[in-house]
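Just coords39.tsv here, TSV, C-alpha atoms (C1' of nucleotides) and all ligand atoms:
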```
chain	number	residue	atom	x	y	z
A	1032	MET	CA	0.00	0.00	0.00
A	1033	ARG	CA	1.10	3.58	-0.59
A	1034	THR	CA	1.40	5.01	2.93
A	1035	GLU	CA	3.62	7.77	4.19
A	1036	TYR	CA	5.75	7.19	7.25
A	1037	SER	CA	6.29	9.68	10.01
A	1038	THR	CA	9.95	9.58	10.87
A	1039	ARG	CA	12.43	11.31	13.09
A	1040	PRO	CA	14.41	13.06	10.34
A	1041	ARG	CA	11.25	14.39	8.75
A	1042	GLU	CA	9.97	15.72	12.02
A	1043	GLN	CA	13.23	17.46	12.77
A	1044	ILE	CA	13.47	19.07	9.39
A	1045	THR	CA	9.87	20.18	9.48
A	1046	ALA	CA	10.22	21.54	13.01
A	1047	LEU	CA	13.33	23.49	12.11
A	1048	LEU	CA	11.65	25.04	9.10
A	1049	ARG	CA	8.64	26.03	11.14
A	1050	LYS	CA	10.84	27.66	13.74
A	1051	GLU	CA	13.09	29.54	11.36
A	1052	ARG	CA	10.81	31.68	9.28
A	1053	ARG	CA	13.39	32.44	6.65
A	1054	TYR	CA	14.70	30.89	3.45
A	1055	LEU	CA	17.29	28.21	4.17
A	1056	SER	CA	19.32	26.12	1.77
A	1057	ALA	CA	19.53	22.35	2.13
A	1058	ALA	CA	23.11	22.73	3.30
A	1059	GLU	CA	22.11	25.27	5.95
A	1060	ILE	CA	19.36	23.01	7.23
A	1061	TYR	CA	21.80	20.13	7.30
A	1062	ALA	CA	24.34	22.20	9.25
A	1063	LEU	CA	21.78	23.52	11.72
A	1064	LEU	CA	20.43	20.04	12.47
A	1065	ARG	CA	23.92	18.68	12.83
A	1066	LYS	CA	24.76	21.34	15.43
A	1067	SER	CA	21.82	20.17	17.55
A	1068	ARG	CA	23.00	16.56	17.66
A	1069	SER	CA	20.58	15.31	15.01
A	1070	LYS	CA	22.36	13.21	12.49
A	1071	VAL	CA	20.42	13.64	9.29
A	1072	ALA	CA	21.95	12.94	5.92
A	1073	LEU	CA	22.04	15.70	3.38
A	1074	SER	CA	20.20	13.56	0.87
A	1075	THR	CA	17.44	13.08	3.40
A	1076	VAL	CA	17.18	16.83	3.74
A	1077	TYR	CA	16.78	17.12	0.00
A	1078	ARG	CA	14.22	14.35	-0.15
A	1079	THR	CA	12.19	15.77	2.68
A	1080	LEU	CA	12.24	19.21	1.15
A	1081	GLY	CA	10.92	17.76	-2.09
A	1082	LEU	CA	8.20	16.02	-0.17
A	1083	LEU	CA	7.16	19.13	1.73
A	1084	GLU	CA	7.22	21.07	-1.48
A	1085	THR	CA	4.72	18.79	-3.20
A	1086	LYS	CA	2.56	19.02	-0.11
A	1087	ARG	CA	2.78	22.80	-0.45
A	1088	GLU	CA	4.16	23.11	3.06
A	1089	VAL	CA	7.31	24.85	1.96
A	1090	SER	CA	7.99	27.17	-0.91
A	1091	GLN	CA	11.20	27.15	-2.85
A	1092	ARG	CA	13.29	30.04	-4.07
A	1093	VAL	CA	16.58	30.27	-5.91
A	1094	ASP	CA	18.85	32.73	-4.18
A	1095	GLU	CA	21.33	35.14	-5.76
A	1096	HIS	CA	24.05	32.49	-5.92
A	1097	GLY	CA	21.82	30.00	-7.72
A	1098	GLU	CA	21.17	27.85	-4.67
A	1099	SER	CA	17.71	26.61	-3.85
A	1100	THR	CA	16.31	27.81	-0.54
A	1101	TYR	CA	13.16	26.80	1.28
A	1102	VAL	CA	10.78	28.34	3.78
A	1103	SER	CA	7.82	26.94	5.63
A	1104	CYS	CA	4.61	28.71	4.71
A	1105	ALA	CA	0.88	28.42	4.16
A	1106	PRO	CA	-0.38	26.15	1.38
A	1107	THR	CA	-2.80	28.82	0.14
A	1108	HIS	CA	-1.98	31.50	-2.40
A	1109	HIS	CA	0.12	34.36	-1.08
A	1110	HIS	CA	3.43	36.12	-1.61
A	1111	HIS	CA	6.53	36.74	0.43
A	1112	ALA	CA	8.01	39.90	1.83
A	1113	ILE	CA	11.64	39.16	2.62
A	1114	CYS	CA	13.63	41.26	5.06
A	1115	ARG	CA	17.03	42.17	3.67
A	1116	LYS	CA	18.52	42.44	7.14
A	1117	CYS	CA	17.33	39.42	9.12
A	1118	GLY	CA	15.81	37.29	6.38
A	1119	LYS	CA	12.42	37.05	8.03
A	1120	VAL	CA	9.70	36.09	5.60
A	1121	GLU	CA	6.19	37.48	5.92
A	1122	GLU	CA	3.23	36.22	3.98
A	1123	VAL	CA	1.19	38.84	2.21
A	1124	ALA	CA	-2.07	38.60	0.33
A	1125	CYS	CA	-2.61	40.01	-3.14
A	1126	GLU	CA	-5.87	41.69	-3.91
A	1127	ALA	CA	-4.48	44.18	-6.41
A	1128	MET	CA	-4.06	41.49	-9.05
A	1129	GLU	CA	-7.36	42.29	-10.74
A	1130	SER	CA	-5.97	45.65	-11.84
A	1131	PHE	CA	-2.93	43.94	-13.35
A	1132	ALA	CA	-5.08	41.39	-15.10
A	1133	GLY	CA	-7.16	44.15	-16.62
A	1134	GLU	CA	-4.10	46.12	-17.62
A	1135	LEU	CA	-2.58	43.06	-19.28
A	1136	ARG	CA	-5.72	42.23	-21.19
A	1137	THR	CA	-6.44	45.70	-22.51
A	1138	HIS	CA	-2.87	46.76	-23.27
A	1139	HIS	CA	-1.36	43.48	-24.42
A	1140	GLY	CA	-4.24	41.16	-25.16
A	1141	PHE	CA	-2.67	38.85	-22.61
A	1142	GLU	CA	-4.86	36.36	-20.76
A	1143	LEU	CA	-3.41	36.16	-17.25
A	1144	ASP	CA	-3.80	32.86	-15.42
A	1145	ASP	CA	-1.03	32.95	-12.83
A	1146	HIS	CA	1.54	35.24	-11.33
A	1147	ALA	CA	4.45	35.32	-8.93
A	1148	MET	CA	5.87	38.15	-6.89
A	1149	GLU	CA	8.35	38.87	-4.18
A	1150	PHE	CA	8.90	41.89	-2.02
A	1151	PHE	CA	12.18	43.04	-0.54
A	1152	GLY	CA	12.91	45.55	2.20
A	1153	ARG	CA	13.07	45.94	5.95
A	1154	CYS	CA	10.77	44.24	8.39
A	1155	ALA	CA	9.22	46.08	11.33
A	1156	ALA	CA	11.89	44.85	13.73
A	1157	CYS	CA	14.83	45.79	11.53
A	1158	LYS	CA	13.56	49.13	10.34
B	1323	MET	CA	43.05	50.55	-20.82
B	1324	ARG	CA	39.80	48.81	-20.05
B	1325	THR	CA	38.02	48.69	-23.39
B	1326	GLU	CA	35.39	46.29	-24.56
B	1327	TYR	CA	35.77	44.55	-27.87
B	1328	SER	CA	33.02	44.06	-30.38
B	1329	THR	CA	33.34	40.54	-31.65
B	1330	ARG	CA	31.58	38.13	-33.93
B	1331	PRO	CA	30.38	35.72	-31.24
B	1332	ARG	CA	28.98	38.54	-29.15
B	1333	GLU	CA	27.14	40.01	-32.07
B	1334	GLN	CA	25.62	36.67	-32.98
B	1335	ILE	CA	24.48	35.93	-29.48
B	1336	THR	CA	23.04	39.40	-29.03
B	1337	ALA	CA	21.31	39.27	-32.41
B	1338	LEU	CA	19.77	35.91	-31.65
B	1339	LEU	CA	18.46	37.11	-28.31
B	1340	ARG	CA	16.97	40.20	-29.86
B	1341	LYS	CA	15.23	38.13	-32.50
B	1342	GLU	CA	13.87	35.45	-30.18
B	1343	ARG	CA	11.81	37.27	-27.64
B	1344	ARG	CA	11.64	34.39	-25.24
B	1345	TYR	CA	13.68	32.91	-22.42
B	1346	LEU	CA	16.47	30.69	-23.72
B	1347	SER	CA	19.03	28.65	-21.81
B	1348	ALA	CA	22.72	28.86	-22.62
B	1349	ALA	CA	22.51	25.40	-24.14
B	1350	GLU	CA	19.59	26.40	-26.35
B	1351	ILE	CA	21.41	29.49	-27.56
B	1352	TYR	CA	24.45	27.36	-28.25
B	1353	ALA	CA	22.38	24.84	-30.23
B	1354	LEU	CA	20.54	27.49	-32.21
B	1355	LEU	CA	23.75	29.25	-33.20
B	1356	ARG	CA	25.35	25.99	-34.12
B	1357	LYS	CA	22.48	25.17	-36.49
B	1358	SER	CA	23.08	28.43	-38.35
B	1359	ARG	CA	26.75	27.68	-39.05
B	1360	SER	CA	28.11	29.89	-36.27
B	1361	LYS	CA	30.67	28.06	-34.24
B	1362	VAL	CA	30.48	29.60	-30.79
B	1363	ALA	CA	31.75	27.80	-27.75
B	1364	LEU	CA	29.34	27.16	-24.91
B	1365	SER	CA	31.61	28.95	-22.48
B	1366	THR	CA	31.52	32.00	-24.71
B	1367	VAL	CA	27.75	31.91	-24.59
B	1368	TYR	CA	27.90	31.89	-20.81
B	1369	ARG	CA	30.43	34.70	-20.67
B	1370	THR	CA	28.49	36.85	-23.09
B	1371	LEU	CA	25.28	36.30	-21.18
B	1372	GLY	CA	27.00	37.41	-18.01
B	1373	LEU	CA	28.24	40.48	-19.80
B	1374	LEU	CA	24.83	41.38	-21.18
B	1375	GLU	CA	23.32	40.80	-17.80
B	1376	THR	CA	25.57	43.31	-16.08
B	1377	LYS	CA	24.77	45.76	-18.86
B	1378	ARG	CA	21.09	45.13	-18.12
B	1379	GLU	CA	20.47	44.09	-21.70
B	1380	VAL	CA	19.17	40.69	-20.79
B	1381	SER	CA	17.28	39.48	-17.77
B	1382	GLN	CA	17.83	36.10	-16.22
B	1383	ARG	CA	15.31	33.63	-14.93
B	1384	VAL	CA	15.60	30.14	-13.47
B	1385	ASP	CA	13.15	27.81	-15.18
B	1386	GLU	CA	11.19	24.96	-13.65
B	1387	HIS	CA	14.08	22.53	-14.11
B	1388	GLY	CA	16.56	24.77	-12.33
B	1389	GLU	CA	18.27	25.98	-15.49
B	1390	SER	CA	19.07	29.62	-16.04
B	1391	THR	CA	17.36	31.22	-19.00
B	1392	TYR	CA	17.84	34.63	-20.56
B	1393	VAL	CA	15.80	37.08	-22.58
B	1394	SER	CA	16.69	40.35	-24.23
B	1395	CYS	CA	14.77	43.25	-22.74
B	1396	ALA	CA	14.79	46.92	-21.79
B	1397	PRO	CA	17.27	48.10	-19.15
B	1398	THR	CA	14.58	50.08	-17.34
B	1399	HIS	CA	12.30	48.73	-14.63
B	1400	HIS	CA	9.50	46.49	-15.87
B	1401	HIS	CA	8.12	42.98	-15.53
B	1402	HIS	CA	7.52	40.08	-17.86
B	1403	ALA	CA	4.35	38.45	-19.06
B	1404	ILE	CA	5.32	35.02	-20.34
B	1405	CYS	CA	3.13	33.07	-22.74
B	1406	ARG	CA	2.71	29.48	-21.66
B	1407	LYS	CA	2.16	28.34	-25.23
B	1408	CYS	CA	4.79	30.03	-27.37
B	1409	GLY	CA	7.11	31.46	-24.74
B	1410	LYS	CA	6.83	35.02	-26.00
B	1411	VAL	CA	7.83	37.56	-23.40
B	1412	GLU	CA	6.10	40.93	-23.15
B	1413	GLU	CA	7.33	43.77	-21.02
B	1414	VAL	CA	4.75	45.33	-18.75
B	1415	ALA	CA	4.96	48.39	-16.54
B	1416	CYS	CA	3.97	48.40	-12.88
B	1417	GLU	CA	2.15	51.40	-11.52
B	1418	ALA	CA	0.07	49.51	-8.97
B	1419	MET	CA	3.07	49.06	-6.71
B	1420	GLU	CA	2.21	52.04	-4.55
B	1421	SER	CA	-0.85	50.21	-3.28
B	1422	PHE	CA	1.26	47.18	-2.34
B	1423	ALA	CA	3.82	49.39	-0.62
B	1424	GLY	CA	1.07	51.01	1.43
B	1425	GLU	CA	-0.51	47.68	2.26
B	1426	LEU	CA	2.83	46.27	3.39
B	1427	ARG	CA	3.64	49.25	5.55
B	1428	THR	CA	0.27	49.47	7.31
B	1429	HIS	CA	-0.39	45.75	7.73
B	1430	HIS	CA	3.12	44.46	8.34
B	1431	GLY	CA	5.27	47.46	9.18
B	1432	PHE	CA	7.38	46.40	6.22
B	1433	GLU	CA	9.43	49.03	4.41
B	1434	LEU	CA	9.36	48.02	0.76
B	1435	ASP	CA	12.37	48.94	-1.36
B	1436	ASP	CA	12.23	46.49	-4.24
B	1437	HIS	CA	10.00	43.89	-5.81
B	1438	ALA	CA	9.90	41.27	-8.53
B	1439	MET	CA	6.97	39.82	-10.39
B	1440	GLU	CA	6.15	37.57	-13.29
B	1441	PHE	CA	2.93	36.96	-15.15
B	1442	PHE	CA	1.92	33.75	-16.86
B	1443	GLY	CA	-0.82	33.04	-19.35
B	1444	ARG	CA	-1.65	33.23	-23.04
B	1445	CYS	CA	-0.48	35.96	-25.36
B	1446	ALA	CA	-2.80	37.60	-27.89
B	1447	ALA	CA	-1.62	35.35	-30.71
B	1448	CYS	CA	-2.02	32.11	-28.77
B	1449	LYS	CA	-5.29	32.91	-27.10
C	410	DA	C1'	51.69	45.97	-40.18
C	411	DT	C1'	52.82	45.87	-34.94
C	412	DG	C1'	52.03	45.05	-30.30
C	413	DA	C1'	49.37	45.49	-26.23
C	414	DT	C1'	44.91	43.91	-24.66
C	415	DT	C1'	40.81	41.38	-24.84
C	416	DT	C1'	38.31	37.37	-26.20
C	417	DT	C1'	37.78	32.77	-27.62
C	418	DG	C1'	37.74	27.69	-27.44
C	419	DC	C1'	39.02	23.62	-25.16
C	420	DT	C1'	39.22	20.99	-21.27
C	421	DA	C1'	39.22	20.16	-16.67
C	422	DA	C1'	37.38	21.43	-12.23
C	423	DT	C1'	33.50	22.81	-9.28
C	424	DC	C1'	29.50	22.24	-6.71
C	425	DG	C1'	24.67	21.73	-5.78
C	426	DT	C1'	21.52	18.09	-6.47
C	427	DT	C1'	20.00	13.41	-7.66
C	428	DC	C1'	20.50	8.27	-7.79
C	429	DG	C1'	21.26	3.42	-6.38
C	430	DC	C1'	21.14	0.19	-3.12
C	431	DA	C1'	21.83	-2.28	1.22
C	432	DA	C1'	20.74	-1.50	6.06
C	433	DA	C1'	17.63	0.52	9.33
C	434	DT	C1'	12.77	2.21	10.59
C	435	DT	C1'	8.13	2.19	10.57
C	436	DA	C1'	3.32	0.55	10.64
C	437	DG	C1'	0.12	-3.07	11.14
C	438	DG	C1'	-1.51	-7.30	12.04
C	439	DG	C1'	-1.28	-12.00	14.42
D	1349	DC	C1'	5.35	-8.28	21.63
D	1350	DC	C1'	7.10	-10.36	17.16
D	1351	DC	C1'	7.03	-10.78	12.20
D	1352	DT	C1'	6.71	-9.13	7.89
D	1353	DA	C1'	6.01	-6.03	4.23
D	1354	DA	C1'	6.63	-1.42	2.86
D	1355	DT	C1'	9.05	2.85	3.32
D	1356	DT	C1'	12.92	5.65	4.53
D	1357	DT	C1'	17.58	6.46	5.59
D	1358	DG	C1'	22.60	7.05	4.88
D	1359	DC	C1'	26.35	6.67	2.27
D	1360	DG	C1'	28.87	7.24	-1.96
D	1361	DA	C1'	28.89	7.56	-6.60
D	1362	DA	C1'	26.96	9.85	-10.59
D	1363	DC	C1'	25.11	13.83	-12.81
D	1364	DG	C1'	24.67	18.24	-15.08
D	1365	DA	C1'	24.87	22.99	-15.34
D	1366	DT	C1'	28.19	26.57	-14.66
D	1367	DT	C1'	32.97	28.30	-13.95
D	1368	DA	C1'	38.01	28.47	-14.26
D	1369	DG	C1'	42.65	28.14	-16.50
D	1370	DC	C1'	45.36	28.92	-20.16
D	1371	DA	C1'	47.38	29.03	-24.74
D	1372	DA	C1'	45.91	30.57	-29.33
D	1373	DA	C1'	43.19	33.82	-32.06
D	1374	DA	C1'	40.92	38.21	-32.72
D	1375	DT	C1'	40.50	43.18	-32.00
D	1376	DC	C1'	41.92	47.90	-32.06
D	1377	DA	C1'	44.84	51.96	-31.82
D	1378	DT	C1'	49.05	53.57	-33.49
E	1501	ZN	ZN	14.22	41.91	9.59
E	1502	ZN	ZN	-0.97	36.63	-5.81
E	1503	ZN	ZN	1.98	32.92	-27.21
E	1504	ZN	ZN	7.75	46.84	-10.83
```

Could you write out this file's structure as structure tokens?
Ligand SMILES: [Zn+2]
Ligand SMILES: [Zn+2]
Ligand SMILES: [Zn+2]
Ligand SMILES: [Zn+2]
Amino acid sequence: MRTEYSTRPREQITALLRKERRYLSAAEIYALLRKSRSKVALSTVYRTLGLLETKREVSQRVDEHGESTYVSCAPTHHHHAICRKCGKVEEVACEAMESFAGELRTHHGFELDDHAMEFFGRCAACK
Amino acid sequence: MRTEYSTRPREQITALLRKERRYLSAAEIYALLRKSRSKVALSTVYRTLGLLETKREVSQRVDEHGESTYVSCAPTHHHHAICRKCGKVEEVACEAMESFAGELRTHHGFELDDHAMEFFGRCAACK
DNA sequence: ATGATTTTGCTAATCGTTCGCAAATTAGGG
DNA sequence: CCCTAATTTGCGAACGATTAGCAAAATCAT
């Protein structure tokens, strides 16, 4: 049967991601877990991240060096405001998309069906 | 002195990018040039893309397989509407950002200083 | 043309990510 | 509990896109 096991490594990785609300690379997650006496293999980190990604529990982002980074977030549609100082990620809704959709249709004849956006700046704490 | 040479490979790569208004990977550019009897090395493609990127003449994007892709576009601030069918990229302006900036500040205390966005759908021709 | 400078083309190295497989864990009866 | 089947882990090797090194070729000003 096609079940899904609940294991120690998966719990640790998931817990870490939920605690650290910022984009982390697989290597960073691996290093952080290793510091807290949790021996998880790097490949397990990658596999778990892939799993969480398909379950929409983490979102992936390629950073400026080309490395993939991951953050725990809601499975529903939203966007991320990323603090340049501390890395904190905040989820923000997007209502203003209707105006863009209209703009695209009238000016370009483009039928919008999806979009992605990211915000950068300083969070309340770092400002 | 620190001059910049105008060479055959660079012209070919630039010309190709200006003709194909869609995101292409280095390997695709290499293959396309090779088909049209232009022997350019893959590393030259990479180097030229890096050059054009710093000159803001192309913008880079990581596709769904993790590969970097590049498209020729304006050096001024804008966003891209990408056709899911033919790949055509259209440049679109963003005026509605003030509303997002306000929303972020009042609801999250977030000081916005930059943003990125992409639109996906069908272009006028493919609709 | 000449010579200094930049660019190219190969190839080899790099490095994040994925794969393969045997050993270890898990879940679920009996 | 104990057994077994199914899944997951850990390790190392393999992979693939990108970068680096360096001698040879191309460019440009004189
Ligand atoms: Zn912050
Ligand atoms: Zn949205
Ligand atoms: Zn199209
Ligand atoms: Zn904008």

| query | Which distance in Å separates atom CA of Leu1082 of chain A and atom CA of Ile1044 of chain A, to one decimal? | reply |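 The value is 11.3 Å.
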
| query | Which chain A residues are at most 10 Å from chain D (counting all atoms listed in the file), as a PyMOL selection string? | reply | chain A and resi 1032-1038+1040-1041+1070-1075+1078

Could those selected residues go to a file with C-alpha atoms, as a compact mmCIF listing (two decimals), in the frame of the given file?
```txt
# COMPACT_ATOMS: atom_id res chain seq x y z
CA MET A 1032 0.00 0.00 0.00
CA ARG A 1033 1.10 3.58 -0.59
CA THR A 1034 1.40 5.01 2.93
CA GLU A 1035 3.62 7.77 4.19
CA TYR A 1036 5.75 7.19 7.25
CA SER A 1037 6.29 9.68 10.01
CA THR A 1038 9.95 9.58 10.87
CA PRO A 1040 14.41 13.06 10.34
CA ARG A 1041 11.25 14.39 8.75
CA LYS A 1070 22.36 13.21 12.49
CA VAL A 1071 20.42 13.64 9.29
CA ALA A 1072 21.95 12.94 5.92
CA LEU A 1073 22.04 15.70 3.38
CA SER A 1074 20.20 13.56 0.87
CA THR A 1075 17.44 13.08 3.40
CA ARG A 1078 14.22 14.35 -0.15
```

| request: Using only C-alpha atoms (C1' of nucleotides) and all ligand atoms, find each residue with an atom at most 7 Å away from ligand ZN 1504 (chain E) and format the answer as an NGL selection string. | output: :B and (1399-1401 or 1415-1416 or 1419 or 1437-1438)

Please identify the residues whose atoms come within 12 Å of ligand ZN 1502 (chain E), using all atoms listed in the file, and report them as a short mmCIF file (atom, residue, chain, number, x, y, z; two decimals) with C-alpha atoms, in the frame of the given file.
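As written to disk, out-v3.cif reads:
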```
data_model
loop_
_atom_site.label_atom_id
_atom_site.label_comp_id
_atom_site.auth_asym_id
_atom_site.auth_seq_id
_atom_site.Cartn_x
_atom_site.Cartn_y
_atom_site.Cartn_z
CA THR A 1107 -2.80 28.82 0.14
CA HIS A 1108 -1.98 31.50 -2.40
CA HIS A 1109 0.12 34.36 -1.08
CA HIS A 1110 3.43 36.12 -1.61
CA HIS A 1111 6.53 36.74 0.43
CA GLU A 1122 3.23 36.22 3.98
CA VAL A 1123 1.19 38.84 2.21
CA ALA A 1124 -2.07 38.60 0.33
CA CYS A 1125 -2.61 40.01 -3.14
CA GLU A 1126 -5.87 41.69 -3.91
CA ALA A 1127 -4.48 44.18 -6.41
CA MET A 1128 -4.06 41.49 -9.05
CA GLU A 1129 -7.36 42.29 -10.74
CA SER A 1130 -5.97 45.65 -11.84
CA PHE A 1131 -2.93 43.94 -13.35
CA ALA A 1132 -5.08 41.39 -15.10
CA LEU A 1143 -3.41 36.16 -17.25
CA ASP A 1144 -3.80 32.86 -15.42
CA ASP A 1145 -1.03 32.95 -12.83
CA HIS A 1146 1.54 35.24 -11.33
CA ALA A 1147 4.45 35.32 -8.93
CA MET A 1148 5.87 38.15 -6.89
CA GLU A 1149 8.35 38.87 -4.18
CA PHE A 1150 8.90 41.89 -2.02
CA PHE B 1422 1.26 47.18 -2.34
CA MET B 1439 6.97 39.82 -10.39
CA GLU B 1440 6.15 37.57 -13.29
CA PHE B 1441 2.93 36.96 -15.15
CA PHE B 1442 1.92 33.75 -16.86
#
```

| field | Selection: 10 Å around Arg1087 of chain A, all atoms listed in the file, excl. self and same-chain fewer than 4 positions, as a VMD selection string | value | chain A and resid 1081 to 1083 1091 1103 to 1107

| field | Long-range neighbours of Ala1057 of chain A as a PyMOL selection string, 12 Å cut-off, all atoms listed in the file, 2 positions minimum in chain | value | (chain A and resi 1044+1047-1048+1054-1055+1059-1064+1071-1081+1091-1093+1098-1102) or (chain C and resi 425-426)

Is there a way to complete segment 1369-1384 of chain B with N, CA and C atoms and then write that out as a PDB file, in the coordinates of the input?
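File selection.pdb, as written:
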```
ATOM      1  N   ARG B1369      29.742  33.444 -20.978  1.00  0.00           N
ATOM      2  CA  ARG B1369      30.430  34.700 -20.670  1.00  0.00           C
ATOM      3  C   ARG B1369      29.693  35.895 -21.252  1.00  0.00           C
ATOM      4  N   THR B1370      29.200  35.735 -22.465  1.00  0.00           N
ATOM      5  CA  THR B1370      28.490  36.850 -23.090  1.00  0.00           C
ATOM      6  C   THR B1370      27.185  37.139 -22.351  1.00  0.00           C
ATOM      7  N   LEU B1371      26.512  36.101 -21.927  1.00  0.00           N
ATOM      8  CA  LEU B1371      25.280  36.300 -21.180  1.00  0.00           C
ATOM      9  C   LEU B1371      25.550  37.052 -19.885  1.00  0.00           C
ATOM     10  N   GLY B1372      26.635  36.697 -19.227  1.00  0.00           N
ATOM     11  CA  GLY B1372      27.000  37.410 -18.010  1.00  0.00           C
ATOM     12  C   GLY B1372      27.267  38.874 -18.277  1.00  0.00           C
ATOM     13  N   LEU B1373      27.931  39.107 -19.396  1.00  0.00           N
ATOM     14  CA  LEU B1373      28.240  40.480 -19.800  1.00  0.00           C
ATOM     15  C   LEU B1373      26.968  41.276 -20.059  1.00  0.00           C
ATOM     16  N   LEU B1374      26.084  40.703 -20.851  1.00  0.00           N
ATOM     17  CA  LEU B1374      24.830  41.380 -21.180  1.00  0.00           C
ATOM     18  C   LEU B1374      23.981  41.592 -19.945  1.00  0.00           C
ATOM     19  N   GLU B1375      24.119  40.681 -19.020  1.00  0.00           N
ATOM     20  CA  GLU B1375      23.320  40.800 -17.800  1.00  0.00           C
ATOM     21  C   GLU B1375      23.790  42.003 -16.974  1.00  0.00           C
ATOM     22  N   THR B1376      25.093  42.162 -16.852  1.00  0.00           N
ATOM     23  CA  THR B1376      25.570  43.310 -16.080  1.00  0.00           C
ATOM     24  C   THR B1376      25.249  44.623 -16.795  1.00  0.00           C
ATOM     25  N   LYS B1377      25.146  44.555 -18.111  1.00  0.00           N
ATOM     26  CA  LYS B1377      24.770  45.760 -18.860  1.00  0.00           C
ATOM     27  C   LYS B1377      23.248  45.936 -18.898  1.00  0.00           C
ATOM     28  N   ARG B1378      22.552  45.070 -18.197  1.00  0.00           N
ATOM     29  CA  ARG B1378      21.090  45.130 -18.120  1.00  0.00           C
ATOM     30  C   ARG B1378      20.408  44.959 -19.474  1.00  0.00           C
ATOM     31  N   GLU B1379      21.086  44.277 -20.389  1.00  0.00           N
ATOM     32  CA  GLU B1379      20.470  44.090 -21.700  1.00  0.00           C
ATOM     33  C   GLU B1379      19.709  42.776 -21.787  1.00  0.00           C
ATOM     34  N   VAL B1380      19.973  41.901 -20.878  1.00  0.00           N
ATOM     35  CA  VAL B1380      19.170  40.690 -20.790  1.00  0.00           C
ATOM     36  C   VAL B1380      18.769  40.497 -19.331  1.00  0.00           C
ATOM     37  N   SER B1381      17.653  39.808 -19.145  1.00  0.00           N
ATOM     38  CA  SER B1381      17.280  39.480 -17.770  1.00  0.00           C
ATOM     39  C   SER B1381      17.287  37.971 -17.642  1.00  0.00           C
ATOM     40  N   GLN B1382      17.637  37.517 -16.466  1.00  0.00           N
ATOM     41  CA  GLN B1382      17.830  36.100 -16.220  1.00  0.00           C
ATOM     42  C   GLN B1382      16.692  35.546 -15.403  1.00  0.00           C
ATOM     43  N   ARG B1383      16.407  34.260 -15.633  1.00  0.00           N
ATOM     44  CA  ARG B1383      15.310  33.630 -14.930  1.00  0.00           C
ATOM     45  C   ARG B1383      15.619  32.145 -14.797  1.00  0.00           C
ATOM     46  N   VAL B1384      15.370  31.564 -13.663  1.00  0.00           N
ATOM     47  CA  VAL B1384      15.600  30.140 -13.470  1.00  0.00           C
ATOM     48  C   VAL B1384      14.312  29.407 -13.814  1.00  0.00           C
TER      49      VAL B1384
END
```
